[in-house]
$ cat data-v6.pdb   # PDB, C-alpha atoms and all ligand atoms
ATOM      1  CA  MET P   1      21.982-139.050 -27.232
ATOM      2  CA  ALA P   2      19.238-136.544 -26.414
ATOM      3  CA  LEU P   3      17.813-137.759 -23.111
ATOM      4  CA  LEU P   4      14.129-137.884 -22.233
ATOM      5  CA  THR P   5      12.821-135.833 -19.312
ATOM      6  CA  PRO P   6      10.013-136.750 -16.903
ATOM      7  CA  GLU P   7       7.947-134.016 -18.597
ATOM      8  CA  ASP P   8       8.241-135.807 -21.968
ATOM      9  CA  LEU P   9       6.781-138.910 -20.331
ATOM     10  CA  GLU P  10       3.812-137.273 -18.587
ATOM     11  CA  ASN P  11       0.514-139.098 -19.258
ATOM     12  CA  ILE P  12       2.302-141.761 -21.287
ATOM     13  CA  ASN P  13      -0.845-143.877 -21.561
ATOM     14  CA  LYS P  14      -2.802-140.973 -22.994
ATOM     15  CA  GLN P  15       0.039-140.105 -25.380
ATOM     16  CA  LEU P  16       0.128-143.721 -26.537
ATOM     17  CA  GLN P  17      -3.648-143.906 -27.024
ATOM     18  CA  GLU P  18      -3.618-140.698 -29.047
ATOM     19  CA  ALA P  19      -0.704-141.902 -31.159
ATOM     20  CA  ASP P  20      -2.524-145.192 -31.704
ATOM     21  CA  SER P  21      -5.634-143.367 -33.002
ATOM     22  CA  THR P  22      -3.501-141.337 -35.383
ATOM     23  CA  VAL P  23      -1.636-144.419 -36.622
ATOM     24  CA  ARG P  24      -4.974-146.157 -37.199
ATOM     25  CA  ARG P  25      -6.311-143.180 -39.160
ATOM     26  CA  VAL P  26      -3.116-142.874 -41.190
ATOM     27  CA  THR P  27      -2.510-146.548 -41.996
ATOM     28  CA  GLY P  28      -5.703-148.478 -41.232
ATOM     29  CA  LEU P  29      -3.857-150.507 -38.584
ATOM     30  CA  ASP P  30      -2.985-149.749 -34.980
ATOM     31  CA  ILE P  31       0.592-149.878 -33.651
ATOM     32  CA  LYS P  32       0.199-153.489 -32.539
ATOM     33  CA  GLY P  33      -1.152-154.426 -35.955
ATOM     34  CA  ILE P  34       1.777-152.787 -37.716
ATOM     35  CA  CYS P  35       4.352-154.448 -35.433
ATOM     36  CA  LYS P  36       2.657-157.810 -35.849
ATOM     37  CA  ASP P  37       2.503-157.460 -39.611
ATOM     38  CA  PHE P  38       6.021-156.093 -39.971
ATOM     39  CA  TYR P  39       7.893-158.458 -37.621
ATOM     40  CA  GLY P  40       5.537-161.433 -38.032
ATOM     41  CA  THR P  41       5.398-161.946 -34.250
ATOM     42  CA  THR P  42       2.751-161.854 -31.512
ATOM     43  CA  PRO P  43       3.348-161.585 -27.755
ATOM     44  CA  CYS P  44       2.362-164.635 -25.776
ATOM     45  CA  CYS P  45       2.576-163.358 -22.171
ATOM     46  CA  GLU P  46       6.387-163.138 -22.270
ATOM     47  CA  LYS P  47       7.560-161.732 -18.945
ATOM     48  CA  VAL P  48       9.474-158.488 -19.368
ATOM     49  CA  GLY P  49      11.895-157.406 -16.643
ATOM     50  CA  ILE P  50      12.603-153.669 -16.564
ATOM     51  CA  VAL P  51      15.890-152.793 -14.884
ATOM     52  CA  PRO P  52      16.507-149.165 -13.828
ATOM     53  CA  VAL P  53      20.077-148.056 -14.588
ATOM     54  CA  THR P  54      21.912-145.469 -12.465
ATOM     55  CA  SER P  55      25.065-144.898 -14.557
ATOM     56  CA  GLY P  56      25.803-141.598 -16.336
ATOM     57  CA  ASN P  57      22.998-139.101 -15.813
ATOM     58  CA  GLY P  58      21.186-141.696 -13.723
ATOM     59  CA  ILE P  59      17.574-142.691 -13.399
ATOM     60  CA  ILE P  60      15.044-140.627 -15.359
ATOM     61  CA  GLY P  61      11.936-140.080 -13.240
ATOM     62  CA  SER P  62       9.106-142.293 -14.558
ATOM     63  CA  PHE P  63      11.229-143.911 -17.316
ATOM     64  CA  SER P  64      10.902-147.450 -15.895
ATOM     65  CA  GLU P  65       7.259-146.825 -14.947
ATOM     66  CA  SER P  66       6.553-145.670 -18.490
ATOM     67  CA  LEU P  67       8.199-148.810 -19.925
ATOM     68  CA  ASN P  68       6.056-150.889 -17.588
ATOM     69  CA  ALA P  69       2.904-149.133 -18.809
ATOM     70  CA  ILE P  70       3.989-149.472 -22.446
ATOM     71  CA  ALA P  71       4.797-153.198 -22.131
ATOM     72  CA  GLY P  72       1.364-153.751 -20.538
ATOM     73  CA  TYR P  73      -0.346-151.720 -23.278
ATOM     74  CA  PHE P  74       1.124-154.027 -25.920
ATOM     75  CA  GLY P  75       0.139-157.224 -24.120
ATOM     76  CA  PHE P  76       3.338-158.108 -22.263
ATOM     77  CA  ASP P  77       3.472-159.182 -18.632
ATOM     78  CA  SER P  78       6.061-156.845 -17.122
ATOM     79  CA  PHE P  79       7.635-155.826 -13.826
ATOM     80  CA  ILE P  80      10.222-153.324 -12.601
ATOM     81  CA  THR P  81      13.016-154.656 -10.440
ATOM     82  CA  ASP P  82      13.440-153.222  -6.935
ATOM     83  CA  MET P  83      17.200-153.007  -7.376
ATOM     84  CA  PRO P  84      18.940-151.142 -10.244
ATOM     85  CA  ASP P  85      21.928-152.143 -12.371
ATOM     86  CA  VAL P  86      23.637-155.533 -11.952
ATOM     87  CA  SER P  87      21.587-156.452  -8.897
ATOM     88  CA  GLY P  88      18.430-155.529 -10.797
ATOM     89  CA  TYR P  89      19.469-157.696 -13.752
ATOM     90  CA  TYR P  90      20.035-160.641 -11.398
ATOM     91  CA  GLU P  91      16.653-159.980  -9.763
ATOM     92  CA  ALA P  92      14.893-159.831 -13.153
ATOM     93  CA  VAL P  93      16.312-163.169 -14.304
ATOM     94  CA  LYS P  94      15.662-164.836 -10.931
ATOM     95  CA  ASN P  95      12.031-163.660 -11.101
ATOM     96  CA  GLY P  96      11.433-165.257 -14.477
ATOM     97  CA  ALA P  97      11.986-162.401 -16.936
ATOM     98  CA  ARG P  98      12.276-163.681 -20.506
ATOM     99  CA  ILE P  99      12.951-160.233 -21.982
ATOM    100  CA  ILE P 100      15.132-157.595 -20.313
ATOM    101  CA  LEU P 101      14.556-153.892 -21.006
ATOM    102  CA  MET P 102      17.265-151.524 -19.781
ATOM    103  CA  ALA P 103      18.843-148.229 -20.835
ATOM    104  CA  ASP P 104      21.887-146.158 -20.007
ATOM    105  CA  ASP P 105      22.578-142.779 -21.609
ATOM    106  CA  ASN P 106      23.803-144.357 -24.860
ATOM    107  CA  THR P 107      21.955-147.611 -25.364
ATOM    108  CA  PHE P 108      18.385-148.719 -24.719
ATOM    109  CA  LEU P 109      18.141-152.464 -25.330
ATOM    110  CA  ALA P 110      15.648-155.313 -25.320
ATOM    111  CA  HIS P 111      17.218-158.745 -24.893
ATOM    112  CA  ASN P 112      15.250-161.949 -25.217
ATOM    113  CA  LEU P 113      17.065-164.412 -22.981
ATOM    114  CA  LYS P 114      15.236-167.392 -24.451
ATOM    115  CA  ASN P 115      16.050-166.982 -28.153
ATOM    116  CA  GLY P 116      19.087-164.683 -27.847
ATOM    117  CA  LYS P 117      17.578-161.863 -29.966
ATOM    118  CA  ILE P 118      18.655-158.350 -28.984
ATOM    119  CA  ALA P 119      17.290-154.985 -30.153
ATOM    120  CA  ASN P 120      18.545-151.405 -29.982
ATOM    121  CA  ASN P 121      16.014-148.602 -29.569
ATOM    122  CA  GLN P 122      17.477-146.257 -32.194
ATOM    123  CA  PRO P 123      17.187-148.423 -35.328
ATOM    124  CA  CYS P 124      13.956-150.010 -34.054
ATOM    125  CA  THR P 125      12.450-146.540 -33.590
ATOM    126  CA  GLY P 126      13.609-145.253 -36.978
ATOM    127  CA  ILE P 127      12.351-148.328 -38.795
ATOM    128  CA  ILE P 128       8.892-148.396 -37.199
ATOM    129  CA  TYR P 129       8.236-144.658 -37.723
ATOM    130  CA  ALA P 130       9.386-145.068 -41.327
ATOM    131  CA  GLU P 131       7.175-148.141 -41.715
ATOM    132  CA  ILE P 132       4.172-146.169 -40.405
ATOM    133  CA  ALA P 133       4.958-143.318 -42.818
ATOM    134  CA  SER P 134       5.288-145.776 -45.706
ATOM    135  CA  ARG P 135       1.746-147.036 -45.087
ATOM    136  CA  TYR P 136       0.051-143.650 -45.343
ATOM    137  CA  LEU P 137      -3.272-144.337 -47.044
ATOM    138  CA  LYS P 138      -3.606-140.855 -48.580
ATOM    139  CA  ALA P 139      -0.045-140.618 -49.942
ATOM    140  CA  ASP P 140      -0.025-139.014 -53.372
ATOM    141  CA  SER P 141       3.226-140.659 -54.521
ATOM    142  CA  LYS P 142       6.103-142.871 -53.411
ATOM    143  CA  GLU P 143       8.254-139.830 -52.656
ATOM    144  CA  VAL P 144       9.352-139.205 -49.079
ATOM    145  CA  LEU P 145      11.241-136.453 -47.328
ATOM    146  CA  ALA P 146      13.571-137.691 -44.549
ATOM    147  CA  VAL P 147      15.021-135.024 -42.272
ATOM    148  CA  GLY P 148      17.698-136.026 -39.739
ATOM    149  CA  LEU P 149      19.847-138.973 -40.827
ATOM    150  CA  GLY P 150      21.514-139.884 -37.537
ATOM    151  CA  LYS P 151      21.209-142.999 -35.387
ATOM    152  CA  VAL P 152      17.396-143.056 -35.638
ATOM    153  CA  GLY P 153      16.944-141.354 -39.017
ATOM    154  CA  PHE P 154      19.485-143.297 -41.068
ATOM    155  CA  PRO P 155      17.974-146.757 -40.462
ATOM    156  CA  GLY P 156      14.517-145.278 -41.068
ATOM    157  CA  ALA P 157      15.606-143.730 -44.365
ATOM    158  CA  ALA P 158      17.350-146.987 -45.340
ATOM    159  CA  HIS P 159      14.099-148.837 -44.668
ATOM    160  CA  LEU P 160      12.168-146.478 -46.949
ATOM    161  CA  VAL P 161      14.734-146.933 -49.727
ATOM    162  CA  GLN P 162      14.485-150.681 -49.280
ATOM    163  CA  LYS P 163      10.694-150.443 -49.603
ATOM    164  CA  GLY P 164      11.075-148.771 -52.994
ATOM    165  CA  PHE P 165      10.434-145.153 -52.002
ATOM    166  CA  LYS P 166      12.213-142.274 -53.701
ATOM    167  CA  VAL P 167      13.812-140.663 -50.660
ATOM    168  CA  TYR P 168      14.759-137.003 -50.562
ATOM    169  CA  GLY P 169      16.791-136.305 -47.455
ATOM    170  CA  TYR P 170      18.657-133.794 -45.390
ATOM    171  CA  ASP P 171      20.959-133.693 -42.402
ATOM    172  CA  ALA P 172      22.588-130.564 -41.041
ATOM    173  CA  ASP P 173      25.797-132.600 -40.733
ATOM    174  CA  ARG P 174      27.295-132.685 -44.222
ATOM    175  CA  THR P 175      29.246-135.907 -43.564
ATOM    176  CA  LEU P 176      26.078-137.767 -42.563
ATOM    177  CA  LEU P 177      24.203-136.397 -45.549
ATOM    178  CA  GLU P 178      26.993-137.517 -47.889
ATOM    179  CA  LYS P 179      26.999-140.975 -46.286
ATOM    180  CA  SER P 180      23.250-141.295 -46.944
ATOM    181  CA  VAL P 181      23.678-140.107 -50.510
ATOM    182  CA  SER P 182      26.513-142.509 -51.285
ATOM    183  CA  SER P 183      25.306-145.572 -49.398
ATOM    184  CA  LEU P 184      21.514-145.279 -49.815
ATOM    185  CA  GLY P 185      21.140-143.191 -52.954
ATOM    186  CA  ILE P 186      19.204-140.495 -51.106
ATOM    187  CA  ILE P 187      18.597-137.318 -53.082
ATOM    188  CA  PRO P 188      19.876-134.296 -51.108
ATOM    189  CA  PHE P 189      17.102-131.814 -50.389
ATOM    190  CA  ASN P 190      17.305-129.082 -47.776
ATOM    191  CA  PRO P 191      13.675-128.316 -46.836
ATOM    192  CA  VAL P 192      14.554-124.904 -45.473
ATOM    193  CA  SER P 193      16.525-123.620 -48.449
ATOM    194  CA  PRO P 194      16.109-125.866 -51.466
ATOM    195  CA  GLU P 195      18.485-125.145 -54.300
ATOM    196  CA  GLY P 196      17.266-123.275 -57.388
ATOM    197  CA  ASP P 197      13.767-124.217 -58.509
ATOM    198  CA  ARG P 198      13.750-127.541 -56.703
ATOM    199  CA  GLN P 199      10.942-126.577 -54.307
ATOM    200  CA  ARG P 200       8.873-129.699 -53.708
ATOM    201  CA  LYS P 201       5.962-130.695 -51.545
ATOM    202  CA  PHE P 202       5.650-134.074 -49.862
ATOM    203  CA  SER P 203       2.718-136.086 -48.576
ATOM    204  CA  ILE P 204       5.060-138.297 -46.531
ATOM    205  CA  ILE P 205       7.664-136.793 -44.205
ATOM    206  CA  PHE P 206       9.857-138.745 -41.787
ATOM    207  CA  GLU P 207      11.759-136.617 -39.262
ATOM    208  CA  ALA P 208      14.320-137.659 -36.634
ATOM    209  CA  THR P 209      16.153-134.649 -35.255
ATOM    210  CA  PRO P 210      16.493-133.214 -31.742
ATOM    211  CA  CYS P 211      15.402-129.799 -33.056
ATOM    212  CA  ALA P 212      12.065-128.015 -33.263
ATOM    213  CA  ASP P 213      10.500-126.520 -36.410
ATOM    214  CA  THR P 214      12.607-128.419 -38.922
ATOM    215  CA  ILE P 215       9.747-128.807 -41.411
ATOM    216  CA  PRO P 216       8.650-125.548 -43.078
ATOM    217  CA  GLU P 217       5.210-124.993 -44.576
ATOM    218  CA  SER P 218       6.675-124.862 -48.093
ATOM    219  CA  VAL P 219       7.326-128.656 -48.203
ATOM    220  CA  ILE P 220       3.973-129.770 -46.769
ATOM    221  CA  SER P 221       1.446-130.986 -49.331
ATOM    222  CA  GLU P 222      -2.328-130.857 -48.881
ATOM    223  CA  ASN P 223      -2.657-134.344 -47.370
ATOM    224  CA  CYS P 224       0.491-134.868 -45.392
ATOM    225  CA  VAL P 225       1.698-137.200 -42.660
ATOM    226  CA  ILE P 226       4.730-136.337 -40.563
ATOM    227  CA  SER P 227       5.984-139.410 -38.763
ATOM    228  CA  THR P 228       8.523-138.220 -36.233
ATOM    229  CA  PRO P 229      10.187-139.683 -33.173
ATOM    230  CA  GLY P 230      12.269-136.494 -32.880
ATOM    231  CA  ILE P 231      11.894-134.496 -29.675
ATOM    232  CA  PRO P 232      10.994-131.607 -29.630
ATOM    233  CA  CYS P 233       8.431-131.703 -32.391
ATOM    234  CA  ALA P 234       9.369-131.007 -36.004
ATOM    235  CA  ILE P 235       6.376-128.725 -36.508
ATOM    236  CA  SER P 236       4.503-126.226 -34.347
ATOM    237  CA  LYS P 237       0.916-126.935 -33.262
ATOM    238  CA  GLU P 238      -0.209-123.874 -35.242
ATOM    239  CA  LEU P 239       1.384-125.068 -38.483
ATOM    240  CA  GLN P 240       0.095-128.600 -37.951
ATOM    241  CA  LYS P 241      -3.417-127.239 -37.613
ATOM    242  CA  LYS P 242      -3.102-124.776 -40.482
ATOM    243  CA  CYS P 243      -1.872-127.459 -42.906
ATOM    244  CA  GLY P 244      -4.066-130.271 -41.542
ATOM    245  CA  VAL P 245      -1.003-132.446 -40.964
ATOM    246  CA  GLU P 246      -1.444-135.950 -39.549
ATOM    247  CA  LEU P 247       1.286-136.058 -36.892
ATOM    248  CA  VAL P 248       2.612-139.375 -35.586
ATOM    249  CA  MET P 249       4.742-138.469 -32.582
ATOM    250  CA  GLU P 250       5.157-140.140 -29.214
ATOM    251  CA  PRO P 251       8.191-140.102 -26.912
ATOM    252  CA  LEU P 252       8.852-143.769 -26.046
ATOM    253  CA  GLY P 253       6.074-146.294 -26.686
ATOM    254  CA  ILE P 254       6.111-146.836 -30.454
ATOM    255  CA  GLY P 255       9.876-147.429 -30.487
ATOM    256  CA  THR P 256       9.651-149.734 -27.468
ATOM    257  CA  ALA P 257       6.869-151.739 -29.129
ATOM    258  CA  SER P 258       9.090-152.111 -32.182
ATOM    259  CA  MET P 259      11.939-153.407 -29.978
ATOM    260  CA  LEU P 260       9.720-155.879 -28.114
ATOM    261  CA  TYR P 261       8.074-157.325 -31.224
ATOM    262  CA  SER P 262      11.455-157.555 -32.968
ATOM    263  CA  VAL P 263      12.920-159.853 -30.307
ATOM    264  CA  LEU P 264       9.987-162.309 -30.132
TER     265      LEU P 264
HETATM  266  P1  LIG S 301      21.420-138.198 -33.638
HETATM  267  O1  LIG S 301      22.160-137.105 -32.973
HETATM  268  O2  LIG S 301      22.145-139.478 -33.947
HETATM  269  O3  LIG S 301      20.776-137.686 -35.016
HETATM  270  C1  LIG S 301      20.102-136.476 -35.126
HETATM  271  C2  LIG S 301      20.517-135.854 -36.447
HETATM  272  O4  LIG S 301      19.712-134.714 -36.700
HETATM  273  C3  LIG S 301      21.964-135.395 -36.465
HETATM  274  O5  LIG S 301      22.656-136.096 -37.477
HETATM  275  C4  LIG S 301      21.871-133.895 -36.730
HETATM  276  O6  LIG S 301      22.913-133.418 -37.569
HETATM  277  C5  LIG S 301      20.535-133.790 -37.406
HETATM  278  N1  LIG S 301      19.914-132.470 -37.348
HETATM  279  C6  LIG S 301      19.833-131.621 -36.294
HETATM  280  N2  LIG S 301      19.154-130.514 -36.625
HETATM  281  C7  LIG S 301      18.784-130.677 -37.927
HETATM  282  C8  LIG S 301      18.044-129.888 -38.824
HETATM  283  N3  LIG S 301      17.522-128.704 -38.476
HETATM  284  N4  LIG S 301      17.852-130.357 -40.084
HETATM  285  C9  LIG S 301      18.366-131.536 -40.447
HETATM  286  N5  LIG S 301      19.079-132.339 -39.630
HETATM  287  C10 LIG S 301      19.274-131.910 -38.386
HETATM  288  O7  LIG S 301      20.148-138.486 -32.733
HETATM  289  P2  LIG S 301      19.208-139.759 -32.775
HETATM  290  O8  LIG S 301      19.665-140.753 -31.774
HETATM  291  O9  LIG S 301      19.070-140.168 -34.186
HETATM  292  O10 LIG S 301      17.833-139.149 -32.206
HETATM  293  C11 LIG S 301      17.077-138.238 -32.967
HETATM  294  C12 LIG S 301      15.894-137.755 -32.143
HETATM  295  O11 LIG S 301      15.010-138.837 -31.877
HETATM  296  C13 LIG S 301      16.258-137.190 -30.775
HETATM  297  O12 LIG S 301      15.398-136.099 -30.515
HETATM  298  C14 LIG S 301      15.947-138.327 -29.822
HETATM  299  O13 LIG S 301      15.679-137.870 -28.519
HETATM  300  C15 LIG S 301      14.708-138.875 -30.483
HETATM  301  N6  LIG S 301      14.369-140.244 -30.129
HETATM  302  C16 LIG S 301      13.042-140.499 -29.903
HETATM  303  C17 LIG S 301      12.608-141.766 -29.648
HETATM  304  C18 LIG S 301      11.142-142.020 -29.523
HETATM  305  O14 LIG S 301      10.744-143.151 -29.188
HETATM  306  N7  LIG S 301      10.283-141.044 -29.789
HETATM  307  C19 LIG S 301      13.544-142.888 -29.548
HETATM  308  C20 LIG S 301      14.915-142.526 -29.823
HETATM  309  C21 LIG S 301      15.294-141.236 -30.095
HETATM  310  C1  LIG S 302      15.288-144.051 -24.931
HETATM  311  C2  LIG S 302      15.203-142.604 -25.129
HETATM  312  C3  LIG S 302      14.596-142.040 -26.329
HETATM  313  C4  LIG S 302      15.233-140.763 -26.423
HETATM  314  N1  LIG S 302      16.281-140.681 -25.710
HETATM  315  C5  LIG S 302      16.539-141.898 -25.043
HETATM  316  C6  LIG S 302      16.946-141.686 -23.607
HETATM  317  O1  LIG S 302      16.439-140.825 -22.950
HETATM  318  N2  LIG S 302      17.889-142.524 -23.148
HETATM  319  C7  LIG S 302      18.333-142.489 -21.797
HETATM  320  C8  LIG S 302      17.572-143.480 -20.954
HETATM  321  C9  LIG S 302      18.166-143.551 -19.563
HETATM  322  C10 LIG S 302      17.296-144.339 -18.601
HETATM  323  C11 LIG S 302      17.818-144.334 -17.178
HETATM  324  C12 LIG S 302      16.853-145.113 -16.296
HETATM  325  O2  LIG S 302      15.910-144.505 -15.745
HETATM  326  O3  LIG S 302      17.016-146.324 -16.142
HETATM  327  N3  LIG S 302      19.146-144.890 -17.076
HETATM  328 MG    MG S 303      12.480-132.789 -33.751
END

$ encode --input "data-v6.pdb" --output "structure tokens" --more "lines below"
Ligand code: NAI
Ligand code: PYL
Ligand code: MG
Amino acid sequence: MALLTPEDLENINKQLQEADSTVRRVTGLDIKGICKDFYGTTPCCEKVGIVPVTSGNGIIGSFSESLNAIAGYFGFDSFITDMPDVSGYYEAVKNGARIILMADDNTFLAHNLKNGKIANNQPCTGIIYAEIASRYLKADSKEVLAVGLGKVGFPGAAHLVQKGFKVYGYDADRTLLEKSVSSLGIIPFNPVSPEGDRQRKFSIIFEATPCADTIPESVISENCVISTPGIPCAISKELQKKCGVELVMEPLGIGTASMLYSVL
């Protein structure tokens, strides 16, 4: 998994507020509204215990603090345990946590101890970014381009297929692309070098890769949203500005909101 850095998480509140404004402009609802509508849940002061985890590459500076800020932003009552790992888990439960948030290098989970529901960040992130993309008010068709079909991208693309979108997709890994074609019916489309005369433009693009500049100008239509959890960004600031792209991109909060609402 590509790991976050403290730099990615700088000014998380500001990043979240900006993402919220964009989501509102793009869909007519804010992130809370989308989560509420999609999962059919509303927080009711559930206590969230955030447990720092030291295994693998260890604690990421400001990761737990960012989760605390994010949980508060979405209306949850949260706290970070003093101790990490197993001792932190014990501390969280003893102090009344109803939902545990914790991440090692492979898995970031939310576990609701009251109803047993558990969520994984990767599918929750893919699905919510895809859901946001699917609600684009200025979309000119139900065609979507999905780039990156890994642990975040595949569930997002599957969600778009399930919602009735015609999904064109690409992954640099041929096996993953073939899996998406055979299991989801995705139409292969390499945005960088489309075959023959199949050049297309899209008003909805969903991107989930760990690479920069994966979306070339040639596939961006006049009114276009790029909804992308992928870090670094799929498109340069210059190209975003030139093409007037609505960019939904934020490093942790939207996916975490999706996890929290999904376990209520
Ligand atoms: P992954 O490794 O499972 O999937 C990424 C996929 O992108 C791979 O299948 C790879 O072959 C493909 N890829 C790489 N370069 C490509 C290119 N130029 N064109 C097409 N496909 C390309 O990774 P995962 O877990 O799905 O994460 C994807 C990204 O999302 C990472 O940058 C990760 O850090 C980020 N992420 C962001 C979150 C957020 O809340 N913003 C939450 C979780 C992950
Ligand atoms: C959850 C993010 C989204 C992108 N990459 C994922 C990541 O960075 N995972 C690692 C999280 C490790 C957290 C560390 C801590 O501070 O508790 N163990
Ligand atoms: Mg990217």

$ residues_near_ligand --input "data-v6.pdb" --ligand "ligand LIG 301 (chain S)" --cutoff "7 Å" --atoms "all atoms listed in the file" --output "PyMOL selection string"
chain P and resi 1-4+121-122+125+147-153+170-173+176+208-211+214+229-232+249-256

$ closest_residue --input "data-v6.pdb" --among "P:Gln17, P:Asn106, P:Asn120, P:Ser236" --to "Met259 (chain P)" --atoms "all atoms listed in the file"
P:Asn120

$ closest_residue --input "data-v6.pdb" --among "P:Thr54, P:Ser87, P:Thr228, P:Thr5" --to "Ile127 (chain P)" --atoms "only C-alpha atoms"
P:Thr228

$ closest_residue --input "data-v6.pdb" --among "P:Cys44, P:Lys242, P:Phe206, P:Ile220" --to "ligand MG 303 (chain S)" --atoms "all atoms listed in the file"
P:Phe206

$ atom_distance --input "data-v6.pdb" --atom1 "CA of Asn112 (chain P)" --atom2 "CA of Ala157 (chain P)"
26.4 Å
